[in-house]
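Asker: Handing over start-v8.cif, mmCIF, C-alpha atoms and all ligand atoms; chains and numbers go by the auth columns.
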data_target
#
loop_
_atom_site.group_PDB
_atom_site.id
_atom_site.type_symbol
_atom_site.label_atom_id
_atom_site.label_comp_id
_atom_site.label_asym_id
_atom_site.label_seq_id
_atom_site.Cartn_x
_atom_site.Cartn_y
_atom_site.Cartn_z
_atom_site.B_iso_or_equiv
_atom_site.auth_seq_id
_atom_site.auth_asym_id
ATOM 1 C CA MET A 1 12.742 6.256 13.125 0.00 1 A
ATOM 2 C CA PRO A 2 9.297 4.659 12.864 0.00 2 A
ATOM 3 C CA GLN A 3 6.496 7.147 12.530 0.00 3 A
ATOM 4 C CA PRO A 4 3.086 6.730 14.226 0.00 4 A
ATOM 5 C CA ILE A 5 1.226 3.599 13.169 0.00 5 A
ATOM 6 C CA ARG A 6 -1.124 4.298 10.305 0.00 6 A
ATOM 7 C CA ILE A 7 -3.886 1.989 9.077 0.00 7 A
ATOM 8 C CA ALA A 8 -4.646 1.613 5.389 0.00 8 A
ATOM 9 C CA PRO A 9 -7.849 -0.329 4.694 0.00 9 A
ATOM 10 C CA SER A 10 -7.641 -2.107 1.338 0.00 10 A
ATOM 11 C CA ILE A 11 -10.902 -1.424 -0.443 0.00 11 A
ATOM 12 C CA LEU A 12 -10.523 -4.744 -2.236 0.00 12 A
ATOM 13 C CA ALA A 13 -12.448 -6.201 0.722 0.00 13 A
ATOM 14 C CA ALA A 14 -15.170 -3.519 0.647 0.00 14 A
ATOM 15 C CA ASP A 15 -18.653 -3.896 -0.821 0.00 15 A
ATOM 16 C CA PHE A 16 -17.982 -2.848 -4.420 0.00 16 A
ATOM 17 C CA ALA A 17 -21.640 -1.958 -4.930 0.00 17 A
ATOM 18 C CA LYS A 18 -21.263 0.771 -2.284 0.00 18 A
ATOM 19 C CA LEU A 19 -17.654 1.809 -2.719 0.00 19 A
ATOM 20 C CA GLY A 20 -18.151 5.519 -2.002 0.00 20 A
ATOM 21 C CA GLU A 21 -20.042 4.805 1.212 0.00 21 A
ATOM 22 C CA GLU A 22 -17.449 2.244 2.249 0.00 22 A
ATOM 23 C CA VAL A 23 -14.573 4.689 1.770 0.00 23 A
ATOM 24 C CA ARG A 24 -16.489 7.318 3.726 0.00 24 A
ATOM 25 C CA ALA A 25 -17.216 4.829 6.514 0.00 25 A
ATOM 26 C CA VAL A 26 -13.614 3.644 6.979 0.00 26 A
ATOM 27 C CA THR A 27 -12.402 7.245 6.891 0.00 27 A
ATOM 28 C CA GLU A 28 -14.828 8.168 9.672 0.00 28 A
ATOM 29 C CA ALA A 29 -13.750 5.011 11.521 0.00 29 A
ATOM 30 C CA GLY A 30 -10.148 6.220 11.680 0.00 30 A
ATOM 31 C CA ALA A 31 -8.412 5.074 8.497 0.00 31 A
ATOM 32 C CA ASP A 32 -5.289 7.094 7.760 0.00 32 A
ATOM 33 C CA TYR A 33 -4.744 5.915 4.207 0.00 33 A
ATOM 34 C CA ILE A 34 -7.187 4.401 1.717 0.00 34 A
ATOM 35 C CA HIS A 35 -5.288 1.548 0.047 0.00 35 A
ATOM 36 C CA ILE A 36 -6.388 1.070 -3.535 0.00 36 A
ATOM 37 C CA ASP A 37 -5.275 -2.145 -5.247 0.00 37 A
ATOM 38 C CA VAL A 38 -5.026 -1.763 -8.997 0.00 38 A
ATOM 39 C CA MET A 39 -4.643 -5.072 -10.885 0.00 39 A
ATOM 40 C CA ASP A 40 -4.440 -5.654 -14.610 0.00 40 A
ATOM 41 C CA GLY A 41 -4.941 -9.406 -15.141 0.00 41 A
ATOM 42 C CA HIS A 42 -1.429 -9.500 -16.619 0.00 42 A
ATOM 43 C CA PHE A 43 1.103 -8.585 -13.924 0.00 43 A
ATOM 44 C CA VAL A 44 -1.162 -10.366 -11.439 0.00 44 A
ATOM 45 C CA PRO A 45 -3.961 -12.857 -12.165 0.00 45 A
ATOM 46 C CA ASN A 46 -6.842 -10.585 -11.191 0.00 46 A
ATOM 47 C CA LEU A 47 -8.618 -7.501 -12.509 0.00 47 A
ATOM 48 C CA THR A 48 -9.787 -4.716 -10.252 0.00 48 A
ATOM 49 C CA ILE A 49 -10.143 -0.992 -10.743 0.00 49 A
ATOM 50 C CA GLY A 50 -8.719 1.857 -12.784 0.00 50 A
ATOM 51 C CA PRO A 51 -8.279 5.625 -12.518 0.00 51 A
ATOM 52 C CA ASP A 52 -11.950 6.451 -13.159 0.00 52 A
ATOM 53 C CA VAL A 53 -12.917 4.649 -9.956 0.00 53 A
ATOM 54 C CA VAL A 54 -10.191 6.456 -8.003 0.00 54 A
ATOM 55 C CA LYS A 55 -11.521 9.751 -9.346 0.00 55 A
ATOM 56 C CA ALA A 56 -15.085 8.853 -8.368 0.00 56 A
ATOM 57 C CA LEU A 57 -13.963 7.966 -4.828 0.00 57 A
ATOM 58 C CA ARG A 58 -11.873 11.094 -4.274 0.00 58 A
ATOM 59 C CA PRO A 59 -14.738 13.319 -3.001 0.00 59 A
ATOM 60 C CA HIS A 60 -15.666 10.708 -0.408 0.00 60 A
ATOM 61 C CA SER A 61 -12.530 11.023 1.754 0.00 61 A
ATOM 62 C CA LYS A 62 -9.771 13.410 2.740 0.00 62 A
ATOM 63 C CA ALA A 63 -7.532 10.486 3.760 0.00 63 A
ATOM 64 C CA VAL A 64 -4.359 9.773 1.816 0.00 64 A
ATOM 65 C CA PHE A 65 -5.091 7.768 -1.325 0.00 65 A
ATOM 66 C CA ASP A 66 -2.426 5.070 -1.337 0.00 66 A
ATOM 67 C CA VAL A 67 -2.522 3.556 -4.815 0.00 67 A
ATOM 68 C CA HIS A 68 -0.814 0.169 -5.163 0.00 68 A
ATOM 69 C CA LEU A 69 -0.231 -0.570 -8.827 0.00 69 A
ATOM 70 C CA MET A 70 0.002 -4.241 -9.742 0.00 70 A
ATOM 71 C CA ILE A 71 0.119 -3.498 -13.434 0.00 71 A
ATOM 72 C CA SER A 72 2.647 -3.705 -16.250 0.00 72 A
ATOM 73 C CA PRO A 73 3.592 -1.348 -17.779 0.00 73 A
ATOM 74 C CA VAL A 74 3.343 1.363 -15.098 0.00 74 A
ATOM 75 C CA ASP A 75 4.672 4.553 -16.679 0.00 75 A
ATOM 76 C CA PRO A 76 1.842 5.242 -19.170 0.00 76 A
ATOM 77 C CA TYR A 77 -0.717 5.301 -16.336 0.00 77 A
ATOM 78 C CA ILE A 78 1.027 7.469 -13.730 0.00 78 A
ATOM 79 C CA ASP A 79 -0.385 10.827 -14.833 0.00 79 A
ATOM 80 C CA GLU A 80 -3.925 9.465 -14.969 0.00 80 A
ATOM 81 C CA PHE A 81 -3.772 8.149 -11.408 0.00 81 A
ATOM 82 C CA VAL A 82 -2.262 11.409 -10.184 0.00 82 A
ATOM 83 C CA ALA A 83 -5.021 13.399 -11.906 0.00 83 A
ATOM 84 C CA ALA A 84 -7.588 11.060 -10.338 0.00 84 A
ATOM 85 C CA GLY A 85 -6.375 11.978 -6.858 0.00 85 A
ATOM 86 C CA ALA A 86 -3.610 9.562 -5.862 0.00 86 A
ATOM 87 C CA ASN A 87 -1.343 10.900 -3.093 0.00 87 A
ATOM 88 C CA ILE A 88 1.095 7.975 -3.163 0.00 88 A
ATOM 89 C CA ILE A 89 1.755 5.587 -6.029 0.00 89 A
ATOM 90 C CA SER A 90 3.600 2.328 -5.393 0.00 90 A
ATOM 91 C CA PHE A 91 4.724 -0.039 -8.112 0.00 91 A
ATOM 92 C CA HIS A 92 6.593 -3.338 -8.383 0.00 92 A
ATOM 93 C CA PRO A 93 10.126 -3.180 -9.829 0.00 93 A
ATOM 94 C CA GLU A 94 9.408 -6.345 -11.865 0.00 94 A
ATOM 95 C CA ALA A 95 6.690 -4.451 -13.747 0.00 95 A
ATOM 96 C CA GLY A 96 9.128 -2.604 -15.955 0.00 96 A
ATOM 97 C CA ALA A 97 12.755 -2.331 -16.960 0.00 97 A
ATOM 98 C CA HIS A 98 13.444 1.130 -15.505 0.00 98 A
ATOM 99 C CA ALA A 99 12.417 1.429 -11.856 0.00 99 A
ATOM 100 C CA HIS A 100 14.485 4.578 -11.340 0.00 100 A
ATOM 101 C CA ARG A 101 12.722 6.340 -14.188 0.00 101 A
ATOM 102 C CA THR A 102 9.330 5.301 -12.822 0.00 102 A
ATOM 103 C CA VAL A 103 10.170 6.746 -9.390 0.00 103 A
ATOM 104 C CA GLN A 104 11.240 10.003 -11.053 0.00 104 A
ATOM 105 C CA MET A 105 8.034 10.167 -13.080 0.00 105 A
ATOM 106 C CA ILE A 106 5.893 9.761 -9.955 0.00 106 A
ATOM 107 C CA LYS A 107 7.883 12.428 -8.091 0.00 107 A
ATOM 108 C CA GLU A 108 7.791 14.818 -11.035 0.00 108 A
ATOM 109 C CA ALA A 109 4.015 14.455 -11.065 0.00 109 A
ATOM 110 C CA GLY A 110 4.090 15.965 -7.576 0.00 110 A
ATOM 111 C CA ILE A 111 3.141 13.021 -5.368 0.00 111 A
ATOM 112 C CA LYS A 112 4.902 10.448 -3.192 0.00 112 A
ATOM 113 C CA ALA A 113 6.595 7.389 -4.658 0.00 113 A
ATOM 114 C CA GLY A 114 6.659 3.881 -3.238 0.00 114 A
ATOM 115 C CA ILE A 115 8.195 0.587 -4.250 0.00 115 A
ATOM 116 C CA ALA A 116 6.458 -2.725 -3.573 0.00 116 A
ATOM 117 C CA LEU A 117 8.548 -5.819 -2.863 0.00 117 A
ATOM 118 C CA ASN A 118 7.081 -9.247 -3.573 0.00 118 A
ATOM 119 C CA PRO A 119 7.764 -11.974 -0.992 0.00 119 A
ATOM 120 C CA ALA A 120 10.729 -13.316 -3.006 0.00 120 A
ATOM 121 C CA THR A 121 12.099 -9.898 -4.017 0.00 121 A
ATOM 122 C CA PRO A 122 15.265 -9.083 -2.053 0.00 122 A
ATOM 123 C CA ILE A 123 15.639 -5.784 -0.231 0.00 123 A
ATOM 124 C CA GLU A 124 18.506 -4.879 -2.564 0.00 124 A
ATOM 125 C CA ALA A 125 15.786 -3.779 -4.996 0.00 125 A
ATOM 126 C CA ILE A 126 15.791 -0.446 -3.123 0.00 126 A
ATOM 127 C CA ASP A 127 19.534 0.128 -3.603 0.00 127 A
ATOM 128 C CA TYR A 128 20.112 3.384 -5.490 0.00 128 A
ATOM 129 C CA LEU A 129 16.435 4.287 -5.091 0.00 129 A
ATOM 130 C CA ILE A 130 16.119 4.923 -1.373 0.00 130 A
ATOM 131 C CA ASP A 131 17.036 8.616 -1.569 0.00 131 A
ATOM 132 C CA ASP A 132 13.938 9.251 -3.667 0.00 132 A
ATOM 133 C CA LEU A 133 11.469 6.852 -2.065 0.00 133 A
ATOM 134 C CA ASP A 134 8.679 7.964 0.274 0.00 134 A
ATOM 135 C CA LEU A 135 7.329 4.485 0.972 0.00 135 A
ATOM 136 C CA ILE A 136 8.492 0.878 0.865 0.00 136 A
ATOM 137 C CA LEU A 137 5.724 -1.708 0.702 0.00 137 A
ATOM 138 C CA VAL A 138 6.526 -5.224 1.879 0.00 138 A
ATOM 139 C CA MET A 139 4.157 -7.757 0.358 0.00 139 A
ATOM 140 C CA SER A 140 3.404 -10.334 3.035 0.00 140 A
ATOM 141 C CA VAL A 141 1.355 -12.342 0.520 0.00 141 A
ATOM 142 C CA ASN A 142 1.827 -12.871 -3.191 0.00 142 A
ATOM 143 C CA PRO A 143 -0.018 -10.047 -4.921 0.00 143 A
ATOM 144 C CA GLY A 144 -3.310 -10.646 -6.670 0.00 144 A
ATOM 145 C CA PHE A 145 -5.919 -11.441 -4.055 0.00 145 A
ATOM 146 C CA GLY A 146 -7.203 -10.376 -0.660 0.00 146 A
ATOM 147 C CA GLY A 147 -7.813 -12.834 2.137 0.00 147 A
ATOM 148 C CA GLN A 148 -4.508 -14.756 1.949 0.00 148 A
ATOM 149 C CA SER A 149 -2.339 -15.841 4.887 0.00 149 A
ATOM 150 C CA PHE A 150 0.562 -13.722 6.165 0.00 150 A
ATOM 151 C CA ILE A 151 3.977 -15.080 5.087 0.00 151 A
ATOM 152 C CA GLU A 152 6.077 -15.052 8.261 0.00 152 A
ATOM 153 C CA SER A 153 9.427 -14.878 6.423 0.00 153 A
ATOM 154 C CA GLN A 154 8.612 -11.282 5.576 0.00 154 A
ATOM 155 C CA LEU A 155 9.120 -10.224 9.207 0.00 155 A
ATOM 156 C CA ALA A 156 12.887 -10.483 8.761 0.00 156 A
ATOM 157 C CA LYS A 157 12.626 -8.397 5.606 0.00 157 A
ATOM 158 C CA ILE A 158 10.616 -5.742 7.452 0.00 158 A
ATOM 159 C CA ALA A 159 13.266 -5.637 10.201 0.00 159 A
ATOM 160 C CA ALA A 160 16.091 -5.291 7.662 0.00 160 A
ATOM 161 C CA LEU A 161 14.253 -2.502 5.862 0.00 161 A
ATOM 162 C CA ARG A 162 13.570 -0.717 9.160 0.00 162 A
ATOM 163 C CA GLN A 163 17.328 -0.633 9.701 0.00 163 A
ATOM 164 C CA ARG A 164 17.949 0.693 6.193 0.00 164 A
ATOM 165 C CA ILE A 165 15.308 3.398 6.617 0.00 165 A
ATOM 166 C CA ASN A 166 16.658 4.475 10.006 0.00 166 A
ATOM 167 C CA ASP A 167 20.174 4.612 8.575 0.00 167 A
ATOM 168 C CA SER A 168 18.904 6.817 5.739 0.00 168 A
ATOM 169 C CA GLY A 169 17.577 9.373 8.229 0.00 169 A
ATOM 170 C CA ARG A 170 14.597 9.955 5.947 0.00 170 A
ATOM 171 C CA ASP A 171 10.876 9.699 6.748 0.00 171 A
ATOM 172 C CA ILE A 172 10.042 6.717 4.590 0.00 172 A
ATOM 173 C CA ASP A 173 6.842 4.799 5.319 0.00 173 A
ATOM 174 C CA LEU A 174 7.400 1.078 5.870 0.00 174 A
ATOM 175 C CA GLU A 175 4.131 -0.489 4.817 0.00 175 A
ATOM 176 C CA VAL A 176 3.139 -4.139 5.085 0.00 176 A
ATOM 177 C CA ASP A 177 0.408 -5.564 2.884 0.00 177 A
ATOM 178 C CA GLY A 178 -1.332 -8.933 3.025 0.00 178 A
ATOM 179 C CA GLY A 179 -2.772 -11.133 5.749 0.00 179 A
ATOM 180 C CA ILE A 180 -2.709 -8.410 8.401 0.00 180 A
ATOM 181 C CA ASN A 181 -5.132 -9.207 11.214 0.00 181 A
ATOM 182 C CA PHE A 182 -5.294 -8.831 15.003 0.00 182 A
ATOM 183 C CA ASP A 183 -2.604 -11.533 15.401 0.00 183 A
ATOM 184 C CA THR A 184 -0.179 -10.534 12.664 0.00 184 A
ATOM 185 C CA ALA A 185 -0.417 -6.743 13.056 0.00 185 A
ATOM 186 C CA PRO A 186 1.565 -6.679 16.342 0.00 186 A
ATOM 187 C CA LYS A 187 4.286 -8.842 14.759 0.00 187 A
ATOM 188 C CA ALA A 188 4.594 -6.503 11.776 0.00 188 A
ATOM 189 C CA ILE A 189 4.747 -3.474 14.092 0.00 189 A
ATOM 190 C CA ALA A 190 7.351 -5.149 16.313 0.00 190 A
ATOM 191 C CA ALA A 191 9.472 -5.821 13.218 0.00 191 A
ATOM 192 C CA GLY A 192 9.359 -2.123 12.338 0.00 192 A
ATOM 193 C CA ALA A 193 6.385 -1.524 10.037 0.00 193 A
ATOM 194 C CA ASP A 194 4.534 1.771 10.509 0.00 194 A
ATOM 195 C CA VAL A 195 1.760 1.524 7.901 0.00 195 A
ATOM 196 C CA LEU A 196 -0.486 -1.553 7.953 0.00 196 A
ATOM 197 C CA VAL A 197 -2.694 -2.448 5.018 0.00 197 A
ATOM 198 C CA ALA A 198 -5.721 -4.455 6.090 0.00 198 A
ATOM 199 C CA GLY A 199 -8.564 -5.478 3.824 0.00 199 A
ATOM 200 C CA THR A 200 -10.358 -8.481 5.257 0.00 200 A
ATOM 201 C CA ALA A 201 -9.628 -7.492 8.871 0.00 201 A
ATOM 202 C CA THR A 202 -10.958 -3.947 8.432 0.00 202 A
ATOM 203 C CA PHE A 203 -14.155 -4.709 6.544 0.00 203 A
ATOM 204 C CA LYS A 204 -15.194 -7.784 8.542 0.00 204 A
ATOM 205 C CA GLY A 205 -18.538 -7.289 10.272 0.00 205 A
ATOM 206 C CA GLY A 206 -19.740 -4.333 8.204 0.00 206 A
ATOM 207 C CA PRO A 207 -19.686 -0.584 8.911 0.00 207 A
ATOM 208 C CA SER A 208 -20.614 -0.803 12.594 0.00 208 A
ATOM 209 C CA ALA A 209 -17.425 -2.814 13.212 0.00 209 A
ATOM 210 C CA TYR A 210 -14.955 -0.658 11.268 0.00 210 A
ATOM 211 C CA ALA A 211 -13.864 1.679 14.083 0.00 211 A
ATOM 212 C CA ASP A 212 -13.245 -1.197 16.460 0.00 212 A
ATOM 213 C CA ASN A 213 -11.453 -3.234 13.786 0.00 213 A
ATOM 214 C CA ILE A 214 -9.146 -0.339 12.897 0.00 214 A
ATOM 215 C CA ALA A 215 -8.385 0.412 16.555 0.00 215 A
ATOM 216 C CA ARG A 216 -7.553 -3.233 17.216 0.00 216 A
ATOM 217 C CA ILE A 217 -5.270 -3.489 14.175 0.00 217 A
ATOM 218 C CA ARG A 218 -3.506 -0.303 15.290 0.00 218 A
ATOM 219 C CA GLY A 219 -3.016 -1.891 18.701 0.00 219 A
ATOM 220 C CA GLY A 220 -3.345 -0.825 22.271 0.00 220 A
ATOM 221 C CA THR A 221 -6.982 -1.941 22.620 0.00 221 A
HETATM 222 C C1 LIG B . -2.977 -8.155 -2.515 0.00 1 B
HETATM 223 C C2 LIG B . -3.265 -6.725 -2.151 0.00 1 B
HETATM 224 C C3 LIG B . -3.627 -6.478 -0.748 0.00 1 B
HETATM 225 C C4 LIG B . -4.863 -7.176 -0.280 0.00 1 B
HETATM 226 C C5 LIG B . -4.817 -7.261 1.209 0.00 1 B
HETATM 227 O O1 LIG B . -2.469 -8.207 -3.800 0.00 1 B
HETATM 228 O O2 LIG B . -2.134 -5.903 -2.454 0.00 1 B
HETATM 229 O O3 LIG B . -3.729 -5.072 -0.504 0.00 1 B
HETATM 230 O O4 LIG B . -6.030 -6.559 -0.684 0.00 1 B
HETATM 231 O O5 LIG B . -5.919 -7.986 1.625 0.00 1 B
HETATM 232 P P1 LIG B . -6.022 -8.720 3.040 0.00 1 B
HETATM 233 O O6 LIG B . -5.820 -7.655 4.080 0.00 1 B
HETATM 234 O O7 LIG B . -7.374 -9.284 3.016 0.00 1 B
HETATM 235 O O8 LIG B . -4.900 -9.725 3.064 0.00 1 B
HETATM 236 ZN ZN ZN B . -2.132 -3.758 -1.856 0.00 2 B
#
Just give me the structure of the file as structure tokens.

Answerer:
Amino acid sequence: MPQPIRIAPSILAADFAKLGEEVRAVTEAGADYIHIDVMDGHFVPNLTIGPDVVKALRPHSKAVFDVHLMISPVDPYIDEFVAAGANIISFHPEAGAHAHRTVQMIKEAGIKAGIALNPATPIEAIDYLIDDLDLILVMSVNPGFGGQSFIESQLAKIAALRQRINDSGRDIDLEVDGGINFDTAPKAIAAGADVLVAGTATFKGGPSAYADNIARIRGGT
């Protein structure tokens, strides 16, 4: 069954000159997860941050560090992100030839494992993996950049995955990432998502707006 709605601000939309303060501010404003987008300029056409930045941010928040790897290869970097303080690592199955092995490596490192599905990736990508997954991330934009528009076709994918997760009887987070705002968040929740990534919509208006933004994305206000 869906778990309580959790909000995961993507720090891609934060002020990078004040990243520690920004992480502290969204945590105080009610963020459940801190979503950290790692891009390598190879798997996706953008470069962002690596494990040293994750490590530097770790003392600034007790929230779950939700590390979204958009890198290829994945396996050589898992231990470094775990040591830096990641609580969940998600990766894209297209990033390597052996998704099952990657899931096992993340689990063996003692943290939660997630798989991220691009807009055109079918849900069958989770077949034979679901028993070991802790999170399924539905990309509602093509990965690489913040500030893109929500792709509505992903609502049907979220609904189908909600069914699969319920059938599994396991507590697997169903996370949606990309273009989440006050209009699209309720649609994603209605389709069955229970973790919402929000970069632009969280950080809009600066620190004094974060608590209100997060509450409105979560809904009920
Ligand atoms: C895109 C990233 C997203 C992105 C979301 O590749 O995975 O996490 O930062 O940004 P918004 O919420 O601005 O669409
Ligand atoms: Zn992301």

Asker: So what do you get for CA of His98 (chain A) versus CA of Asn166 (chain A), distance-wise?

Answerer: 25.9 Å

Asker: Please determine the residues with any atom at most 8 Å from (1.4, -7.0, -0.9) (coordinates as given in the file, with all atoms listed in the file counting) and report them as a list in words.

Answerer: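 I get Ala116, Leu117, Asn118, Leu137, Val138, Met139, Ser140, Val141, Asn142, Pro143, Val176, Asp177 and Gly178 of chain A for the residues within 8 Å of that point.
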
Asker: Next, dump the selected residues to file, keeping only C-alpha atoms, as a PDB file, in the coordinates of the input.

Answerer:
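See again_8.pdb below for the written result:
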ATOM      1  CA  ALA A 116       6.458  -2.725  -3.573  1.00  0.00           C
ATOM      2  CA  LEU A 117       8.548  -5.819  -2.863  1.00  0.00           C
ATOM      3  CA  ASN A 118       7.081  -9.247  -3.573  1.00  0.00           C
ATOM      4  CA  LEU A 137       5.724  -1.708   0.702  1.00  0.00           C
ATOM      5  CA  VAL A 138       6.526  -5.224   1.879  1.00  0.00           C
ATOM      6  CA  MET A 139       4.157  -7.757   0.358  1.00  0.00           C
ATOM      7  CA  SER A 140       3.404 -10.334   3.035  1.00  0.00           C
ATOM      8  CA  VAL A 141       1.355 -12.342   0.520  1.00  0.00           C
ATOM      9  CA  ASN A 142       1.827 -12.871  -3.191  1.00  0.00           C
ATOM     10  CA  PRO A 143      -0.018 -10.047  -4.921  1.00  0.00           C
ATOM     11  CA  VAL A 176       3.139  -4.139   5.085  1.00  0.00           C
ATOM     12  CA  ASP A 177       0.408  -5.564   2.884  1.00  0.00           C
ATOM     13  CA  GLY A 178      -1.332  -8.933   3.025  1.00  0.00           C
TER      14      GLY A 178
END

Asker: So which residues get picked by the PyMOL selection byres (((not hetatm)) within 9 of (chain B and resi 2)) here, written as a VMD selection string?

Answerer: chain A and resid 10 12 35 to 38 66 to 70 116 137 139 143 to 146 176 to 178 197 to 199

Asker: Might you spell out which residues the PyMOL selection byres (((chain A and resi 111) around 8) and not hetatm) would select in the displayed file, as a ChimeraX atom specification?

Answerer: /A:82,86-89,106-110,112-113

Asker: Using the chain letters and numbers from this file, what does the PyMOL selection byres (((chain A and resi 2-8) around 6) and not hetatm) select? Give the answer as a list in words.

Answerer: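 Selected by the PyMOL selection byres (((chain A and resi 2-8) around 6) and not hetatm) in this file: Met1, Pro9, Ala31, Asp32, Tyr33, Ile34, His35, Asp194, Val195, Leu196 and Val197 of chain A.
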
Asker: Using only C-alpha atoms, which residues sit within 9 Å of Lys157 (chain A) once same-chain residues fewer than 5 positions away are excluded, as a list in words?

Answerer: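 Everything that qualifies: Pro119, Pro122, Ile123, Val138, Arg162 and Ala191 of chain A.
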
Asker: In Å, rounded to a single decimal, give me how far CA of Thr121 (chain A) is from CA of Arg216 (chain A).

Answerer: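 Those two atoms sit 29.7 Å apart.
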
Asker: Taking all atoms listed in the file into account, which of A:Met39, A:Asn46, A:Val23, A:Ile78 comes nearest Lys62 (chain A)?

Answerer: A:Val23

Asker: With all atoms of region 5-18 of chain A from the file as input, state the centre and edge lengths in Å to one decimal of the axis-aligned box that has 3 Å extra on each side, as lines of an AutoDock Vina configuration file.

Answerer:
center_x = -10.2
center_y = -1.0
center_z = 4.1
size_x = 28.9
size_y = 16.5
size_z = 24.1

Asker: For a test of reading the model, state the distance in Å between CA of Pro76 (chain A) and CA of Asp132 (chain A), rounded to one decimal.

Answerer: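 Result for CA of Pro76 (chain A) versus CA of Asp132 (chain A): 20.1 Å, one decimal.
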